[in-house]
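K.L.:
Structure file work.tsv (TSV, C-alpha atoms) right here:
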```
chain	number	residue	atom	x	y	z
Q	9	MET	CA	341.21	5.32	227.63
Q	10	ILE	CA	340.66	5.77	223.92
Q	11	ARG	CA	340.08	2.71	221.85
Q	12	THR	CA	341.27	2.62	218.34
Q	13	THR	CA	340.18	0.06	215.82
Q	14	ARG	CA	342.77	-1.46	213.62
Q	15	ALA	CA	341.89	-1.53	210.01
Q	16	ALA	CA	341.99	-4.97	208.50
Q	17	PRO	CA	344.80	-5.36	206.01
Q	18	LYS	CA	343.56	-5.08	202.47
Q	19	SER	CA	343.94	-8.15	200.39
Q	20	PRO	CA	345.94	-7.53	197.26
Q	21	ARG	CA	343.74	-7.24	194.20
Q	22	ARG	CA	344.22	-9.86	191.58
Q	23	ARG	CA	345.13	-8.72	188.16
Q	24	PRO	CA	343.14	-10.07	185.21
Q	25	LYS	CA	346.11	-12.19	184.15
Q	26	GLU	CA	346.23	-13.90	187.58
Q	27	ILE	CA	342.49	-14.56	187.43
Q	28	ALA	CA	342.83	-16.08	183.97
Q	29	THR	CA	345.67	-18.30	185.23
Q	30	ALA	CA	343.54	-19.47	188.18
Q	31	VAL	CA	340.64	-20.31	185.85
Q	32	GLN	CA	342.95	-22.22	183.50
Q	33	GLU	CA	344.34	-24.25	186.43
Q	34	LYS	CA	340.79	-25.39	187.18
Q	35	LEU	CA	340.51	-26.56	183.58
Q	36	ASP	CA	343.74	-28.61	183.70
Q	37	ALA	CA	343.51	-32.31	183.03
Q	38	THR	CA	343.05	-34.41	186.17
Q	39	PRO	CA	345.49	-37.23	187.00
Q	40	GLU	CA	342.72	-39.79	186.42
Q	41	ARG	CA	342.07	-38.55	182.91
Q	42	LEU	CA	345.80	-38.46	182.16
Q	43	ALA	CA	346.09	-42.08	183.28
Q	44	ARG	CA	343.07	-43.01	181.15
Q	45	ALA	CA	344.64	-41.27	178.17
Q	46	ARG	CA	347.91	-43.18	178.67
Q	47	GLU	CA	345.99	-46.46	178.75
Q	48	ALA	CA	344.22	-45.53	175.52
Q	49	GLY	CA	347.48	-44.51	173.85
Q	50	GLU	CA	346.55	-40.82	173.66
Q	51	THR	CA	348.93	-37.97	174.39
Q	52	PRO	CA	347.97	-34.83	176.31
Q	53	ILE	CA	348.50	-31.35	174.91
Q	54	ARG	CA	351.14	-29.25	176.68
Q	55	ASP	CA	350.24	-25.58	176.79
Q	56	SER	CA	352.28	-22.99	178.74
Q	57	GLU	CA	354.31	-25.71	180.47
Q	58	ARG	CA	351.18	-27.41	181.83
Q	59	LEU	CA	349.16	-30.39	180.70
Q	60	ARG	CA	345.96	-28.87	179.42
Q	61	ARG	CA	343.59	-31.30	177.84
Q	62	ILE	CA	343.46	-34.73	176.37
Q	63	LEU	CA	342.71	-35.27	172.71
Q	64	ASP	CA	339.29	-36.77	173.15
Q	65	PRO	CA	336.38	-35.38	171.14
Q	66	PHE	CA	334.65	-33.54	173.99
Q	67	ASP	CA	337.85	-31.66	174.89
Q	68	THR	CA	338.44	-30.92	171.22
Q	69	MET	CA	334.92	-29.47	171.04
Q	70	ARG	CA	335.84	-27.13	173.90
Q	71	ALA	CA	339.16	-26.18	172.33
Q	72	ASN	CA	337.48	-25.34	169.00
Q	73	ARG	CA	334.58	-23.56	170.75
Q	74	LEU	CA	331.93	-25.87	169.32
Q	75	LEU	CA	329.97	-26.07	172.59
Q	76	ALA	CA	329.10	-22.36	172.27
Q	77	PRO	CA	330.59	-20.80	169.12
Q	78	HIS	CA	329.78	-17.18	169.97
Q	79	ASP	CA	330.42	-17.17	173.73
Q	80	GLN	CA	333.76	-18.32	175.19
Q	81	LYS	CA	332.47	-18.23	178.77
Q	82	LEU	CA	329.43	-20.37	177.95
Q	83	ASN	CA	331.71	-22.74	176.04
Q	84	ASP	CA	333.86	-23.25	179.16
Q	85	ILE	CA	330.82	-23.55	181.43
Q	86	ARG	CA	329.35	-26.31	179.26
Q	87	TRP	CA	332.71	-28.09	179.29
Q	88	LEU	CA	332.85	-27.83	183.10
Q	89	ILE	CA	329.36	-29.36	183.32
Q	90	GLY	CA	330.51	-32.27	181.15
Q	91	GLU	CA	333.69	-32.66	183.21
Q	92	SER	CA	331.62	-32.75	186.39
Q	93	LEU	CA	329.44	-35.45	184.81
Q	94	ARG	CA	332.60	-37.43	183.99
Q	95	ARG	CA	333.83	-37.23	187.57
Q	96	THR	CA	330.41	-38.22	188.90
Q	97	HIS	CA	330.48	-41.22	186.59
Q	98	GLN	CA	333.94	-42.18	187.87
Q	99	ARG	CA	332.76	-41.95	191.48
Q	100	ALA	CA	329.71	-44.07	190.68
Q	101	ARG	CA	331.89	-46.88	189.28
Q	102	LEU	CA	333.78	-47.41	192.55
Q	103	ASP	CA	333.91	-51.04	193.64
Q	104	ALA	CA	333.70	-50.12	197.31
Q	105	LEU	CA	330.23	-51.57	197.76
Q	106	ARG	CA	331.30	-54.81	199.36
Q	107	ALA	CA	329.08	-57.34	201.08
Q	108	VAL	CA	329.88	-57.99	204.76
Q	109	ALA	CA	329.05	-61.20	206.56
Q	110	PRO	CA	326.32	-60.60	209.21
Q	111	ASP	CA	328.46	-62.13	212.00
Q	112	ARG	CA	331.16	-59.48	211.38
Q	113	LEU	CA	328.81	-56.51	211.79
Q	114	GLY	CA	329.88	-54.43	214.77
Q	115	SER	CA	332.97	-56.53	215.48
Q	116	THR	CA	335.45	-53.85	214.42
Q	117	GLY	CA	334.82	-51.63	217.44
Q	118	PHE	CA	333.89	-47.99	217.56
Q	119	GLY	CA	334.58	-45.32	215.03
Q	120	PRO	CA	334.24	-45.13	211.29
Q	121	ARG	CA	334.70	-48.28	209.30
Q	122	PRO	CA	336.97	-48.29	206.26
Q	123	GLY	CA	335.18	-48.07	202.94
Q	124	LEU	CA	332.05	-46.34	204.19
Q	125	PRO	CA	332.82	-42.87	202.76
Q	126	GLN	CA	333.65	-44.34	199.34
Q	127	SER	CA	330.47	-46.40	199.41
Q	128	GLU	CA	328.42	-43.36	200.31
Q	129	ALA	CA	330.12	-41.33	197.57
Q	130	ALA	CA	329.39	-44.07	195.03
Q	131	LEU	CA	325.74	-44.26	196.08
Q	132	HIS	CA	325.31	-40.48	195.89
Q	133	ALA	CA	327.02	-40.42	192.49
Q	134	ARG	CA	324.70	-43.17	191.19
Q	135	ASP	CA	321.67	-41.26	192.44
Q	136	LYS	CA	322.95	-38.12	190.73
Q	137	LEU	CA	323.45	-40.02	187.46
Q	138	ARG	CA	319.88	-41.32	187.64
Q	139	LYS	CA	318.59	-37.78	188.20
Q	140	ALA	CA	320.71	-36.56	185.29
Q	141	GLU	CA	319.27	-39.26	183.02
Q	142	ASP	CA	315.70	-38.36	184.02
Q	143	ARG	CA	316.34	-34.65	183.53
Q	144	VAL	CA	318.01	-34.94	180.11
Q	145	GLY	CA	315.51	-37.40	178.68
Q	146	PRO	CA	315.73	-40.51	176.50
Q	147	ALA	CA	316.52	-38.63	173.27
Q	148	ALA	CA	319.64	-36.88	174.53
Q	149	TRP	CA	321.00	-39.18	177.28
Q	150	PRO	CA	322.61	-41.72	174.89
Q	151	ILE	CA	324.34	-38.83	173.09
Q	152	VAL	CA	325.59	-37.35	176.37
Q	153	THR	CA	326.97	-40.66	177.63
Q	154	ARG	CA	328.52	-41.56	174.28
Q	155	ILE	CA	330.33	-38.23	173.79
Q	156	ILE	CA	331.19	-37.17	177.34
Q	157	ILE	CA	331.68	-40.43	179.21
Q	158	GLU	CA	332.73	-42.88	176.50
Q	159	GLY	CA	334.74	-40.36	174.49
Q	160	ALA	CA	333.12	-40.81	171.09
Q	161	GLY	CA	332.76	-38.13	168.44
Q	162	VAL	CA	329.66	-36.45	167.06
Q	163	ARG	CA	329.87	-38.60	163.91
Q	164	ASP	CA	329.63	-41.75	166.03
Q	165	CYS	CA	326.26	-40.56	167.37
Q	166	ARG	CA	324.50	-40.23	164.01
Q	167	GLY	CA	322.65	-43.48	164.68
Q	168	PHE	CA	320.78	-41.81	167.56
Q	169	VAL	CA	319.01	-39.57	165.02
Q	170	PRO	CA	317.76	-42.14	162.48
Q	171	GLU	CA	315.02	-39.90	161.08
Q	172	LEU	CA	317.58	-37.66	159.35
Q	173	ALA	CA	319.34	-38.96	156.25
Q	174	THR	CA	321.91	-36.27	155.60
Q	175	PRO	CA	325.05	-36.45	157.76
Q	176	TRP	CA	325.42	-32.72	158.34
Q	177	ARG	CA	321.85	-32.44	159.65
Q	178	SER	CA	322.42	-35.40	161.94
Q	179	ASP	CA	325.60	-33.81	163.28
Q	180	ALA	CA	323.77	-30.53	163.87
Q	181	VAL	CA	320.94	-32.25	165.78
Q	182	VAL	CA	323.40	-34.30	167.86
Q	183	THR	CA	325.41	-31.18	168.75
Q	184	ASP	CA	322.25	-29.26	169.60
Q	185	ARG	CA	320.95	-32.04	171.85
Q	186	LEU	CA	324.31	-32.16	173.60
Q	187	ARG	CA	324.29	-28.38	174.21
Q	188	VAL	CA	320.72	-28.38	175.53
Q	189	ALA	CA	321.47	-31.38	177.77
Q	190	LEU	CA	324.54	-29.67	179.23
Q	191	ASP	CA	322.50	-26.53	179.93
Q	192	THR	CA	319.85	-28.68	181.62
Q	193	LEU	CA	322.41	-30.43	183.84
Q	194	GLY	CA	324.23	-27.29	185.00
Q	195	ASP	CA	322.50	-26.81	188.35
Q	196	LEU	CA	322.37	-30.56	189.09
Q	197	MET	CA	326.14	-30.84	188.62
Q	198	GLY	CA	326.69	-27.77	190.79
Q	199	VAL	CA	328.27	-25.65	188.05
Q	200	THR	CA	325.44	-23.15	187.49
Q	201	THR	CA	322.52	-21.99	189.61
Q	202	GLY	CA	319.02	-23.25	188.88
Q	203	ARG	CA	316.33	-21.04	187.39
Q	204	GLY	CA	313.38	-21.98	189.60
Q	205	ARG	CA	312.73	-25.47	188.39
```
For the structure just supplied, provide its representation as structure tokens.
P.N.:
Amino acid sequence: MIRTTRAAPKSPRRRPKEIATAVQEKLDATPERLARAREAGETPIRDSERLRRILDPFDTMRANRLLAPHDQKLNDIRWLIGESLRRTHQRARLDALRAVAPDRLGSTGFGPRPGLPQSEAALHARDKLRKAEDRVGPAAWPIVTRIIIEGAGVRDCRGFVPELATPWRSDAVVTDRLRVALDTLGDLMGVTTGRGR
């Protein structure tokens, strides 16, 4: 008896346009951010029949390629790092950490208890935020939280660089600290690989 091996069917190759569409879908605005924009009275931008980004300063920096002016890929990577930091911050703010009376411990029977996965996710997110704060440092962390998490602009962060008097120098230092901080947080947020820290 002769055995023949069947060749595995080849997967169809993706065209560059399909790959670009898949990447853009990853960059779409999340439902949480759309809801936050509605609460703040902001309107999302519709691009190619999809909701792309919200008009907050960090997204505008990505759209205008201010995160990496000469490299579109690095610009998007830095935006993804900031977006991952936003989502980590949202997970850390969950109110699932509830106190349970000691007499009720173990009274629910076997199996997983409701709320435990959210509590664990919140605790892990808080630990990750503490690591991010330690890694970025005290000079850049207020800038990162103000721009990425709170949605302020670069001009609103001039007070974090009080040693510079001219506004354009302050803006340049703030933007530079933001870029360096995002590069530092890449492997912690799981967007880039570490370089042997």
K.L.:
Rounded to one decimal, what separation in Å do you get between atom CA of Ala148 of chain Q and atom CA of Arg99 of chain Q?
P.N.:
22.0 Å
K.L.:
In Å, rounded to a single decimal, give me how far atom CA of Ala180 of chain Q is from atom CA of Ile157 of chain Q.
P.N.:
19.9 Å
K.L.:
Quick one, how far is atom CA of Gly194 of chain Q from atom CA of Arg177 of chain Q?
P.N.:
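Separation between atom CA of Gly194 of chain Q and atom CA of Arg177 of chain Q: 26.0 Å.
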K.L.:
Ranking Q:Ala160, Q:Leu196, Q:Ala43, Q:Leu190 by minimum distance to Ile85 of chain Q and counting all atoms listed in the file, which one comes first?
P.N.:
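Distance minimum relative to Ile85 of chain Q lands on Q:Leu190.
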K.L.:
Excluding Asp135 of chain Q and any residue of its chain fewer than 6 positions from it, enumerate the residues within 10 Å of it, using all atoms listed in the file, and give them as a VMD selection string.
P.N.:
chain Q and resid 96 100 129 141
K.L.:
Residues at most 10 Å from Val152 of chain Q, counting all atoms listed in the file, excluding those fewer than 4 positions away in the same chain, as JSON, numbers by chain?
P.N.:
{"Q": [90, 93, 141, 144, 147, 148, 156, 157, 158, 159, 160, 165, 182, 183, 185, 186, 187, 189, 190]}
K.L.:
Of the candidates Q:Val169, Q:Val181, Q:Ala140, Q:Leu42, which one gets nearest to Asp195 of chain Q if we count only C-alpha atoms?
P.N.:
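Once distances to Asp195 of chain Q are computed over only C-alpha atoms, the minimum belongs to Q:Ala140.
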